[in-house]
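Source file: upload.txt; contents: compact mmCIF, C-alpha atoms (C1' of nucleotides).
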```
# COMPACT_ATOMS: atom_id res chain seq x y z
CA MET A 1 22.46 0.74 19.65
CA PRO A 2 18.98 -0.65 20.17
CA ASP A 3 19.71 -2.22 23.53
CA LYS A 4 21.13 0.87 25.16
CA LEU A 5 18.36 1.02 27.75
CA LEU A 6 18.72 -2.64 28.66
CA ASP A 7 22.45 -2.20 28.87
CA ILE A 8 22.00 0.62 31.37
CA TYR A 9 19.49 -1.48 33.29
CA GLN A 10 21.93 -4.37 33.61
CA LYS A 11 24.64 -2.07 34.92
CA LEU A 12 22.38 -0.34 37.44
CA SER A 13 20.87 -3.62 38.52
CA ALA A 14 24.28 -5.16 39.07
CA HIS A 15 25.44 -2.13 41.01
CA PHE A 16 22.45 -1.57 43.29
CA GLY A 17 21.08 -5.12 43.53
CA LYS A 18 17.45 -6.13 43.79
CA GLN A 19 15.28 -3.39 45.25
CA ASN A 20 11.96 -5.26 45.62
CA TRP A 21 9.96 -2.11 45.06
CA TRP A 22 7.53 -0.71 46.17
CA PRO A 23 8.32 -0.93 49.91
CA ALA A 24 4.79 -1.47 51.25
CA GLU A 25 2.67 -4.13 52.90
CA THR A 26 -0.57 -3.53 51.00
CA GLN A 27 -1.84 -2.17 47.70
CA PHE A 28 -3.43 0.73 49.49
CA GLU A 29 -0.18 1.60 51.22
CA VAL A 30 1.44 1.92 47.78
CA ILE A 31 -1.27 4.32 46.66
CA VAL A 32 -1.01 6.49 49.77
CA GLY A 33 2.77 6.51 49.50
CA ALA A 34 2.61 7.47 45.82
CA ILE A 35 0.48 10.51 46.64
CA LEU A 36 2.45 11.52 49.71
CA THR A 37 5.83 11.36 47.97
CA GLN A 38 4.87 13.83 45.24
CA ASN A 39 7.79 16.24 45.04
CA THR A 40 8.77 15.11 48.51
CA ALA A 41 11.72 13.17 49.92
CA TRP A 42 10.73 9.59 50.76
CA ARG A 43 12.16 9.86 54.28
CA ASN A 44 9.51 12.49 55.03
CA VAL A 45 6.85 10.06 53.85
CA GLU A 46 8.04 7.07 55.89
CA LYS A 47 7.19 8.69 59.19
CA VAL A 48 3.70 9.56 57.98
CA ILE A 49 3.06 6.00 56.74
CA LYS A 50 4.15 4.70 60.12
CA ASP A 51 1.86 7.11 61.96
CA LEU A 52 -1.08 6.27 59.70
CA LYS A 53 -0.50 2.59 60.46
CA SER A 54 -0.36 3.01 64.20
CA SER A 55 -3.53 5.11 64.03
CA GLU A 56 -5.13 2.26 62.03
CA LEU A 57 -5.97 4.72 59.26
CA LEU A 58 -3.98 3.13 56.44
CA THR A 59 -7.02 1.53 54.78
CA PRO A 60 -9.59 2.92 52.34
CA ASP A 61 -12.13 2.84 55.14
CA GLY A 62 -9.79 4.60 57.55
CA ILE A 63 -8.99 7.47 55.19
CA PHE A 64 -12.63 7.68 54.15
CA ARG A 65 -13.85 8.15 57.71
CA VAL A 66 -11.13 10.29 59.31
CA GLU A 67 -11.78 14.02 59.67
CA ASP A 68 -9.88 16.21 57.21
CA SER A 69 -8.30 18.18 60.04
CA GLU A 70 -7.03 15.04 61.76
CA LEU A 71 -5.64 13.64 58.52
CA THR A 72 -3.90 16.94 57.78
CA ASP A 73 -2.35 16.86 61.21
CA ILE A 74 -1.01 13.32 60.77
CA ILE A 75 0.46 13.88 57.29
CA ARG A 76 1.93 17.30 58.09
CA SER A 77 5.58 16.28 57.93
CA ALA A 78 5.18 15.02 54.36
CA GLY A 79 4.63 18.61 53.23
CA TYR A 80 1.86 20.06 51.03
CA TYR A 81 -0.48 18.72 53.69
CA ASN A 82 -3.58 20.64 52.62
CA SER A 83 -3.52 19.48 49.03
CA LYS A 84 -2.44 15.94 49.98
CA THR A 85 -5.37 15.66 52.37
CA LYS A 86 -7.69 16.53 49.48
CA LYS A 87 -5.93 14.07 47.18
CA LEU A 88 -6.21 11.15 49.61
CA LYS A 89 -9.85 11.95 50.29
CA ALA A 90 -10.60 12.30 46.58
CA PHE A 91 -9.13 8.88 45.86
CA VAL A 92 -11.04 6.96 48.53
CA ARG A 93 -14.27 8.79 47.71
CA PHE A 94 -13.82 7.69 44.11
CA LEU A 95 -13.03 4.13 45.21
CA TYR A 96 -16.21 3.92 47.26
CA ASP A 97 -18.38 5.61 44.64
CA GLY A 98 -17.27 3.39 41.79
CA TYR A 99 -15.94 0.18 43.33
CA SER A 100 -17.49 -0.25 46.77
CA GLY A 101 -14.10 0.57 48.24
CA SER A 102 -12.56 -2.55 46.68
CA LEU A 103 -9.12 -2.26 45.08
CA ASP A 104 -9.56 -5.76 43.66
CA LEU A 105 -12.57 -4.57 41.69
CA PHE A 106 -10.81 -1.38 40.74
CA PHE A 107 -7.74 -3.12 39.32
CA ASP A 108 -9.67 -5.92 37.59
CA ARG A 109 -9.82 -4.14 34.22
CA PRO A 110 -7.53 -3.29 31.29
CA LYS A 111 -4.68 -1.04 32.39
CA GLU A 112 -5.46 1.63 29.80
CA GLU A 113 -8.91 2.02 31.28
CA ILE A 114 -7.57 2.20 34.83
CA ARG A 115 -4.96 4.75 33.80
CA ARG A 116 -7.51 7.04 32.17
CA GLU A 117 -9.63 6.88 35.26
CA LEU A 118 -6.72 7.61 37.61
CA LEU A 119 -5.70 10.60 35.49
CA SER A 120 -9.20 11.99 35.70
CA LEU A 121 -8.92 12.17 39.50
CA TRP A 122 -7.88 15.40 41.14
CA GLY A 123 -4.29 15.13 42.40
CA ILE A 124 -3.23 12.13 40.31
CA GLY A 125 -0.98 12.97 37.38
CA PRO A 126 0.94 10.64 35.07
CA GLU A 127 3.73 9.61 37.45
CA THR A 128 1.41 8.88 40.35
CA ALA A 129 -0.97 6.98 38.06
CA ASP A 130 1.83 4.83 36.67
CA SER A 131 3.27 4.17 40.14
CA ILE A 132 -0.15 2.98 41.27
CA LEU A 133 -0.65 0.83 38.16
CA LEU A 134 2.79 -0.76 38.37
CA TYR A 135 3.39 -1.21 42.08
CA ALA A 136 -0.14 -1.53 43.47
CA GLY A 137 -1.91 -3.03 40.46
CA ASN A 138 0.98 -5.11 39.10
CA LYS A 139 0.32 -3.81 35.59
CA ARG A 140 3.16 -3.16 33.17
CA SER A 141 3.08 0.63 33.05
CA PHE A 142 6.52 2.25 33.10
CA VAL A 143 7.01 5.02 35.64
CA VAL A 144 8.79 8.15 34.46
CA ASP A 145 10.01 10.68 37.02
CA ALA A 146 12.30 13.68 37.22
CA TYR A 147 15.29 11.34 37.70
CA THR A 148 14.42 9.35 34.58
CA ARG A 149 14.34 12.47 32.42
CA ARG A 150 17.50 13.93 33.95
CA ILE A 151 19.52 10.71 33.85
CA PHE A 152 18.65 9.65 30.33
CA ASN A 153 19.22 13.16 29.07
CA ARG A 154 22.68 13.18 30.62
CA LEU A 155 23.30 9.73 29.14
CA GLY A 156 22.55 11.21 25.72
CA VAL A 157 19.42 9.14 25.11
CA VAL A 158 16.76 11.85 25.05
CA ASP A 159 16.24 15.60 25.00
CA GLU A 160 15.78 17.14 28.44
CA ASN A 161 12.43 18.60 27.41
CA ILE A 162 10.91 15.32 26.20
CA ASN A 163 7.39 14.99 27.52
CA TYR A 164 6.14 12.33 29.89
CA ASP A 165 4.27 10.10 27.45
CA GLU A 166 7.05 10.14 24.87
CA LEU A 167 9.66 9.11 27.42
CA LYS A 168 7.37 6.43 28.82
CA LYS A 169 6.84 5.02 25.32
CA ILE A 170 10.58 4.84 24.64
CA PHE A 171 11.02 2.60 27.66
CA GLU A 172 7.96 0.47 27.00
CA ASP A 173 8.99 -0.03 23.36
CA GLN A 174 12.54 -1.06 24.20
CA ILE A 175 12.47 -3.13 27.35
CA PRO A 176 11.04 -6.67 27.63
CA ALA A 177 7.38 -7.07 28.60
CA ASN A 178 8.32 -8.28 32.04
CA LEU A 179 6.68 -6.97 35.19
CA ASP A 180 9.75 -7.47 37.34
CA ILE A 181 11.94 -5.50 34.94
CA TYR A 182 9.42 -2.64 34.89
CA LYS A 183 9.49 -2.50 38.68
CA GLU A 184 13.21 -2.89 39.18
CA PHE A 185 14.27 -0.58 36.36
CA HIS A 186 12.39 2.38 37.81
CA ALA A 187 13.64 1.49 41.29
CA VAL A 188 17.32 1.52 40.30
CA ILE A 189 16.80 4.74 38.34
CA VAL A 190 15.64 6.36 41.56
CA MET A 191 18.61 4.90 43.44
CA LEU A 192 20.98 6.33 40.84
CA GLY A 193 19.20 9.66 41.05
CA LYS A 194 19.34 9.82 44.81
CA ASP A 195 22.95 8.75 45.16
CA TYR A 196 24.59 10.20 42.08
CA CYS A 197 22.53 11.97 39.42
CA LYS A 198 21.19 14.84 41.49
CA VAL A 199 20.66 18.38 40.25
CA ARG A 200 24.23 18.83 41.38
CA PRO A 201 25.59 15.43 40.38
CA VAL A 202 28.07 13.26 42.28
CA CYS A 203 29.89 11.64 39.41
CA LYS A 204 32.69 10.00 41.34
CA ASP A 205 32.04 6.23 41.38
CA CYS A 206 28.81 6.61 39.37
CA PRO A 207 28.02 3.15 37.92
CA VAL A 208 27.22 4.56 34.47
CA ARG A 209 29.77 7.33 34.22
CA GLU A 210 31.43 5.58 31.27
CA GLU A 211 28.39 6.15 29.06
CA CYS A 212 27.51 9.60 30.40
CA LEU A 213 27.84 12.24 27.68
CA TRP A 214 27.08 14.94 30.20
CA ILE A 215 30.31 14.30 32.11
CA LYS A 216 32.32 14.60 28.91
CA LYS A 217 30.84 17.85 27.65
CA ARG A 218 30.82 19.50 31.05
C1' DG B 1 20.40 31.19 54.63
C1' DT B 2 19.80 28.38 50.22
C1' DC B 3 18.73 24.34 47.68
C1' DC B 4 16.40 20.19 46.87
C1' DA B 5 13.20 16.15 47.15
C1' DG B 6 10.41 9.34 43.84
C1' DG B 7 4.49 16.17 41.14
C1' DG B 8 0.36 18.25 39.97
C1' DC B 9 -2.88 22.08 39.55
C1' DC B 10 -4.13 26.58 38.02
C1' DT B 11 -3.72 30.73 35.50
C1' DA B 12 -2.08 33.66 31.90
C1' DC B 13 -0.47 34.33 27.37
C1' DG C 1 -0.15 23.89 24.59
C1' DT C 2 3.15 25.61 27.63
C1' DA C 3 5.72 28.67 30.84
C1' DG C 4 5.53 30.24 35.49
C1' DG C 5 3.70 30.41 40.20
C1' DC C 6 2.09 27.89 44.00
C1' DC C 7 1.87 24.34 47.51
C1' DA C 8 5.30 23.08 52.61
C1' DT C 9 8.17 20.04 55.41
C1' DG C 10 12.83 18.40 56.70
C1' DG C 11 17.62 17.31 55.65
C1' DA C 12 22.06 18.57 53.42
```
Target encoding structure tokens, full file:
Amino acid sequence: MPDKLLDIYQKLSAHFGKQNWWPAETQFEVIVGAILTQNTAWRNVEKVIKDLKSSELLTPDGIFRVEDSELTDIIRSAGYYNSKTKKLKAFVRFLYDGYSGSLDLFFDRPKEEIRRELLSLWGIGPETADSILLYAGNKRSFVVDAYTRRIFNRLGVVDENINYDELKKIFEDQIPANLDIYKEFHAVIVMLGKDYCKVRPVCKDCPVREECLWIKKR
DNA sequence: GTCCAGGGCCTAC
DNA sequence: GTAGGCCATGGA
């Protein structure tokens, strides 16, 4: 069944509707959100984004200039505030060092090159790099997260211990080379994960329960 | 009180 | 190269 992934996508898409991810007004807001939401519930990030905006700090220049202690204070409710302060600072320092603080310059290169560079930064791992590439840079780079691995393991598509790059490649090999599908597929995966496919799943009314092997062998 | 959330880094084997 | 510990808040 070569089109299994697309089949799942159609079902999720029909069930959840268009998500128009990532919810952000600027490229930089996507990047900040991607770092702040690492292992953190999005609702805890929303407040911080709002506060950064009202403090007029949600720009490369703003993050570059703000004192570490003030930044830590503002992002506190997103958790891991010490390391996230360092991560945000590391990114804007890199952006100024290499690209005069310009995201347009930064993104105006082949995606493989951008990805390697993002991964070399402290605090940016594969998921954050791919989120930035896809939702801030509009590059086709599929985002894999804990939900993706859990869901497609339960659906019988992959082993639960499959590594990040292998799982990413499976998606990129099988879905159409379409930016909108890349964005929406990951978005509805997260919706499914949040609403149904949690660590302790809520299988009643799950839109893909018919194809879920995990339910059957439970 | 316990578990979990749109990860990633560091250290030990 | 990988398993385990660590980082921390807020909601269920």
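Non-sequential neighbours of stretch 2-12 of chain C (distance at most 10 Å, separation of 4 or more positions within a chain, only C-alpha atoms (C1' of nucleotides)) are Thr40, Ala41, Arg43, Asn44, Arg76, Ser77, Ala78, Gly79, Tyr80, Tyr81, Asn82, Ser83 and Lys84 of chain A; DC3, DC4, DA5, DG8, DC9, DC10, DT11, DA12 and DC13 of chain B.
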Define the interface residues of chain A facing chain B as those within 7 Å, counting only C-alpha atoms (C1' of nucleotides), and report them as JSON, numbers by chain. {"A": [37, 38, 39, 40, 41, 42, 123, 125, 145, 190]}
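Note that atom CA of A:Leu36 and atom CA of A:Gly137 are 17.8 Å apart.
Using only C-alpha atoms (C1' of nucleotides) for every distance, the candidate list A:Ser55, A:Glu127, A:Phe106, A:Asn161 yields A:Asn161 as the residue closest to chain C.
Relative to atom CA of A:Ala34, atom CA of A:Glu46 is found at 11.4 Å.
Distances from A:Ala24, A:Ile175, A:Ile162, A:Val30 to A:Ser131 were compared using only C-alpha atoms, and the smallest one belongs to A:Val30.
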Between atom CA of A:Asp165 and atom CA of A:Lys139, what is the distance in Å, rounded to a tenth? 16.6 Å
Which residue of A:Lys89, A:Arg109, A:Lys169, A:Lys47 approaches chain C most closely, using all atoms listed in the file: A:Lys47
Among A:Asn163, A:Gly33, A:Thr59, A:Asp68, chain C is approached most closely, using only C-alpha atoms (C1' of nucleotides), by A:Asn163
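Between chain C and the candidates A:Leu88, A:Ile8, A:Val48, A:Leu133, the tightest atom-to-atom separation, counting all atoms listed in the file, involves A:Val48.
Contact shell of A:Ser69 at 10 Å (all atoms listed in the file; same-chain neighbours under 3 positions omitted): Val66, Thr72, Asp73, Ile74, Asn82 and Thr85 of chain A.
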Take every atom of chain C listed in the file, fit an axis-aligned box around them, add 5 Å per side, and give the centre and edge lengths in Å to one decimal as AutoDock Vina command-line options.
```
--center_x 11.0 --center_y 23.9 --center_z 40.6 --size_x 32.2 --size_y 23.1 --size_z 42.1
```
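In this comparison, which uses all atoms listed in the file, the residue of A:Val45, A:Ser54, A:Tyr196, A:Tyr9 approaching chain C most closely is A:Val45.
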Find the spatial neighbours of A:Tyr135, counting all atoms listed in the file, within a cut-off of 12 Å - ignore same-chain residues fewer than 5 positions away - and output them as a tab-separated table (two decimals) with C-alpha atoms, in the coordinates of the input.
```tsv
chain	number	residue	atom	x	y	z
A	20	ASN	CA	11.96	-5.26	45.62
A	21	TRP	CA	9.96	-2.11	45.06
A	22	TRP	CA	7.53	-0.71	46.17
A	23	PRO	CA	8.32	-0.93	49.91
A	24	ALA	CA	4.79	-1.47	51.25
A	25	GLU	CA	2.67	-4.13	52.90
A	26	THR	CA	-0.57	-3.53	51.00
A	27	GLN	CA	-1.84	-2.17	47.70
A	28	PHE	CA	-3.43	0.73	49.49
A	29	GLU	CA	-0.18	1.60	51.22
A	30	VAL	CA	1.44	1.92	47.78
A	31	ILE	CA	-1.27	4.32	46.66
A	32	VAL	CA	-1.01	6.49	49.77
A	33	GLY	CA	2.77	6.51	49.50
A	34	ALA	CA	2.61	7.47	45.82
A	107	PHE	CA	-7.74	-3.12	39.32
A	127	GLU	CA	3.73	9.61	37.45
A	128	THR	CA	1.41	8.88	40.35
A	129	ALA	CA	-0.97	6.98	38.06
A	130	ASP	CA	1.83	4.83	36.67
A	140	ARG	CA	3.16	-3.16	33.17
A	141	SER	CA	3.08	0.63	33.05
A	142	PHE	CA	6.52	2.25	33.10
A	143	VAL	CA	7.01	5.02	35.64
A	179	LEU	CA	6.68	-6.97	35.19
A	180	ASP	CA	9.75	-7.47	37.34
A	181	ILE	CA	11.94	-5.50	34.94
A	182	TYR	CA	9.42	-2.64	34.89
A	183	LYS	CA	9.49	-2.50	38.68
A	184	GLU	CA	13.21	-2.89	39.18
A	186	HIS	CA	12.39	2.38	37.81
A	187	ALA	CA	13.64	1.49	41.29
```
